[in-house]
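Okay, input-v3.txt is below, compact mmCIF, C-alpha atoms:
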```txt
# COMPACT_ATOMS: atom_id res chain seq x y z
CA MET A 1 116.08 120.94 149.96
CA ALA A 2 118.96 119.58 147.93
CA LEU A 3 118.40 116.07 146.65
CA PRO A 4 118.72 113.40 147.72
CA VAL A 5 117.25 113.63 151.20
CA ARG A 6 119.62 112.00 153.71
CA VAL A 7 117.91 109.64 156.16
CA LEU A 8 119.27 107.63 159.07
CA VAL A 9 117.07 104.61 159.88
CA VAL A 10 117.47 103.10 163.36
CA GLU A 11 115.69 99.74 163.64
CA ASP A 12 116.68 96.68 165.66
CA ASP A 13 115.02 94.04 163.47
CA PRO A 14 117.45 93.36 160.60
CA ASP A 15 114.77 92.38 158.07
CA THR A 16 112.61 95.40 158.84
CA ARG A 17 115.64 97.69 158.83
CA GLU A 18 116.86 96.52 155.42
CA CYS A 19 113.37 96.40 153.84
CA LEU A 20 112.55 99.91 155.04
CA ALA A 21 115.92 101.28 153.93
CA GLU A 22 115.64 99.66 150.50
CA ALA A 23 112.07 100.93 150.03
CA LEU A 24 113.12 104.48 150.91
CA ARG A 25 116.07 104.24 148.51
CA VAL A 26 114.28 102.68 145.56
CA LEU A 27 110.79 104.15 145.79
CA PHE A 28 111.64 107.64 147.02
CA ARG A 29 115.31 108.09 146.04
CA PHE A 30 116.42 108.92 149.58
CA GLU A 31 120.04 108.44 150.60
CA VAL A 32 119.69 106.01 153.51
CA THR A 33 122.14 104.97 156.23
CA VAL A 34 121.11 102.30 158.74
CA ALA A 35 121.90 101.55 162.37
CA PRO A 36 120.69 98.65 164.54
CA ASP A 37 120.61 100.60 167.80
CA ALA A 38 121.04 103.99 169.46
CA ALA A 39 124.75 103.49 170.18
CA THR A 40 125.53 102.88 166.51
CA ALA A 41 123.24 105.73 165.49
CA THR A 42 125.13 108.07 167.83
CA GLU A 43 128.40 107.13 166.11
CA VAL A 44 126.84 107.80 162.70
CA LEU A 45 125.46 111.15 163.88
CA GLN A 46 128.91 112.20 165.10
CA GLN A 47 130.21 111.76 161.54
CA GLY A 48 127.56 114.10 160.12
CA LEU A 49 123.88 114.85 160.49
CA PRO A 50 121.29 113.42 158.13
CA ASP A 51 118.32 115.54 157.12
CA VAL A 52 115.93 113.23 159.00
CA LEU A 53 116.21 110.48 161.62
CA VAL A 54 113.71 107.60 161.40
CA VAL A 55 113.91 105.69 164.67
CA GLU A 56 112.13 102.66 166.12
CA VAL A 57 111.89 103.46 169.80
CA HIS A 58 111.40 100.00 171.32
CA GLY A 59 114.37 97.66 171.37
CA THR A 60 116.87 100.12 169.91
CA GLY A 61 117.34 102.56 172.78
CA GLY A 62 115.57 105.03 170.51
CA ARG A 63 113.69 106.86 173.26
CA GLY A 64 116.96 107.88 174.89
CA LEU A 65 118.43 108.78 171.50
CA VAL A 66 115.50 111.08 170.71
CA LEU A 67 115.76 112.77 174.10
CA ASP A 68 119.54 113.19 173.74
CA ILE A 69 119.09 114.75 170.29
CA ARG A 70 116.50 117.22 171.53
CA ALA A 71 118.86 118.22 174.39
CA ASP A 72 121.87 118.76 172.08
CA PRO A 73 122.00 122.30 170.65
CA LYS A 74 123.78 121.03 167.52
CA MET A 75 121.00 118.51 166.78
CA VAL A 76 117.90 120.05 168.32
CA ARG A 77 116.42 120.91 164.90
CA LEU A 78 117.09 117.50 163.34
CA GLY A 79 113.85 116.12 161.88
CA ILE A 80 112.72 113.01 163.73
CA VAL A 81 110.19 110.38 162.72
CA VAL A 82 109.42 107.87 165.47
CA LEU A 83 108.32 104.34 164.55
CA THR A 84 106.56 102.15 167.07
CA GLY A 85 104.56 98.96 167.05
CA MET A 86 102.61 99.85 170.17
CA VAL A 87 100.86 102.81 171.70
CA LEU A 88 102.15 103.44 175.21
CA PRO A 89 101.71 106.34 177.64
CA GLU A 90 104.97 107.86 176.39
CA THR A 91 103.66 108.01 172.81
CA ASP A 92 102.29 111.50 173.52
CA VAL A 93 105.70 112.57 174.81
CA LEU A 94 107.31 111.17 171.67
CA ARG A 95 104.80 113.08 169.52
CA ALA A 96 106.07 116.28 171.10
CA LEU A 97 109.61 115.36 170.03
CA GLY A 98 108.89 114.18 166.50
CA ARG A 99 106.31 112.68 164.19
CA VAL A 100 105.04 109.24 165.26
CA HIS A 101 104.09 106.42 162.88
CA LEU A 102 102.56 103.17 164.08
CA LYS A 103 103.77 99.99 162.42
CA PRO A 104 103.07 98.78 159.86
CA VAL A 105 103.90 102.15 158.30
CA ASP A 106 102.36 103.57 155.16
CA LEU A 107 105.46 104.26 153.06
CA ASP A 108 103.87 107.13 151.13
CA VAL A 109 102.87 108.92 154.34
CA LEU A 110 106.29 108.23 155.88
CA ALA A 111 108.06 109.60 152.79
CA GLU A 112 105.86 112.71 152.83
CA ASP A 113 106.78 113.34 156.49
CA ILE A 114 110.47 112.78 155.73
CA ARG A 115 110.36 115.29 152.86
CA ARG A 116 108.49 117.82 154.98
CA LEU A 117 110.98 117.52 157.82
CA ALA A 118 113.94 117.65 155.42
CA ASP A 119 112.63 120.93 154.01
CA THR A 120 112.88 122.48 157.46
CA ALA A 121 116.21 120.89 158.43
CA PRO A 122 119.10 123.16 159.44
CA GLY A 123 121.05 124.36 156.44
CA THR A 124 118.12 124.18 154.01
```

How does the structure come out when it is put into structure tokens?
Amino acid sequence: MALPVRVLVVEDDPDTRECLAEALRVLFRFEVTVAPDAATATEVLQQGLPDVLVVEVHGTGGRGLVLDIRADPKMVRLGIVVLTGMVLPETDVLRALGRVHLKPVDLDVLAEDIRRLADTAPGT
């Protein structure tokens, strides 16, 4: 995988979004783009695919975004890390579509998953 790893973070809470993005930039040297919701993330994805999508699924429209990505042949292999603050019945479905991390996330484990997914991203 060419460095830096490109990550799109989709999180509706502005403080969490910026803290997570800054931590991924500073601690792990990832190239991070942020979006507050699925609609904005879709616009960003149309401009070019990151190596990995990190998406909060509650409050952002993230569930629909993940399902849309998995249905799109151009994005089906995009690495996805799902963030959630609660375990719901659909958590198992989300696990089938990407890696799931419960909040608060362990940044080292999250970064390891991002690197692993980036290594298997299309074009690597």

Note to self: List the spatial neighbours of A:Asp72 as a ChimeraX atom specification - criterion: any atom at most 12 Å away, only C-alpha atoms, same-chain residues fewer than 5 positions off excluded.
What the structure shows: /A:42,45-46,65-67,77-78

Notebook entry, point to check: With all atoms listed in the file as the atoms that count, which of A:Arg17, A:Asp113, A:Pro73, A:Thr33 lies nearest to A:Gln47?
Noted result: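 The shortest atom-to-atom distance to A:Gln47 comes from A:Thr33.
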
Note to self: Give me the residues near A:Val109 as a list in words, where near means some atom within 12 Å (using only C-alpha atoms) and where sequence neighbours in that chain fewer than 5 positions away do not count.
What the structure shows: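 Close residues of A:Val109: Leu24, Phe28, Val81, Arg99, Val100, His101, Leu102, Pro104, Ile114, Arg115 and Arg116 of chain A.
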
Check: Could you pull the residues within 12 Å of A:Glu43, counting only C-alpha atoms, minus those fewer than 4 positions along the same chain, as a count of residues only?
Finding: 13

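Of the residues listed (A:Glu22, A:Asp51, A:Ala71, A:Phe30), A:Asp51 shows the shortest atom-to-atom separation from A:Thr120; distances use all atoms listed in the file.
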
Margin query: One number please: atom CA of A:Gly79 to atom CA of A:Asp119, in Å, one decimal.
Written below: 9.3 Å

Around stretch 74-90 of chain A, fit a box with edges along x, y and z, padding it by 6 Å on each side, then list its centre and edge lengths in Å to one decimal as JSON.
```
{"center_x": 112.3, "center_y": 110.0, "center_z": 169.8, "size_x": 34.9, "size_y": 34.1, "size_z": 27.8}
```

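For the atom pair formed by atom CA of A:Asp13 and atom CA of A:Val82, the distance is 15.1 Å, given to one decimal.
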
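Nearest-residue note for A:Asp68: choosing from A:Asp12, A:Ala41, A:Leu110, A:Leu20, the minimum distance belongs to A:Ala41, counting only C-alpha atoms.
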
Note to self: Using Å and a single decimal, report how far atom CA of A:Leu107 sits from atom CA of A:Arg29.
What the structure shows: 12.7 Å

Could I see stretch 101-114 of chain A restored to N, CA and C atoms, set down as a short mmCIF file (atom, residue, chain, number, x, y, z; two decimals), in the frame of the given file?
```cif
data_model
loop_
_atom_site.label_atom_id
_atom_site.label_comp_id
_atom_site.auth_asym_id
_atom_site.auth_seq_id
_atom_site.Cartn_x
_atom_site.Cartn_y
_atom_site.Cartn_z
N HIS A 101 104.78 107.33 163.81
CA HIS A 101 104.09 106.42 162.88
C HIS A 101 103.98 105.06 163.55
N LEU A 102 102.77 104.52 163.56
CA LEU A 102 102.56 103.17 164.08
C LEU A 102 102.86 102.16 162.98
N LYS A 103 103.50 101.07 163.36
CA LYS A 103 103.77 99.99 162.42
C LYS A 103 102.51 99.15 162.24
N PRO A 104 102.27 98.63 161.07
CA PRO A 104 103.07 98.78 159.86
C PRO A 104 102.88 100.19 159.29
N VAL A 105 103.95 100.77 158.79
CA VAL A 105 103.90 102.15 158.30
C VAL A 105 103.42 102.20 156.85
N ASP A 106 102.74 103.27 156.53
CA ASP A 106 102.36 103.57 155.16
C ASP A 106 103.56 104.30 154.56
N LEU A 107 104.22 103.69 153.60
CA LEU A 107 105.46 104.26 153.06
C LEU A 107 105.25 105.62 152.42
N ASP A 108 104.12 105.83 151.76
CA ASP A 108 103.87 107.13 151.13
C ASP A 108 103.73 108.23 152.18
N VAL A 109 103.04 107.94 153.27
CA VAL A 109 102.87 108.92 154.34
C VAL A 109 104.22 109.16 155.03
N LEU A 110 104.97 108.09 155.27
CA LEU A 110 106.29 108.23 155.88
C LEU A 110 107.20 109.09 155.00
N ALA A 111 107.21 108.82 153.71
CA ALA A 111 108.06 109.60 152.79
C ALA A 111 107.64 111.06 152.76
N GLU A 112 106.35 111.32 152.81
CA GLU A 112 105.86 112.71 152.83
C GLU A 112 106.35 113.42 154.09
N ASP A 113 106.28 112.74 155.23
CA ASP A 113 106.78 113.34 156.49
C ASP A 113 108.29 113.57 156.41
N ILE A 114 109.02 112.62 155.86
CA ILE A 114 110.47 112.78 155.73
C ILE A 114 110.78 113.99 154.87
#
```
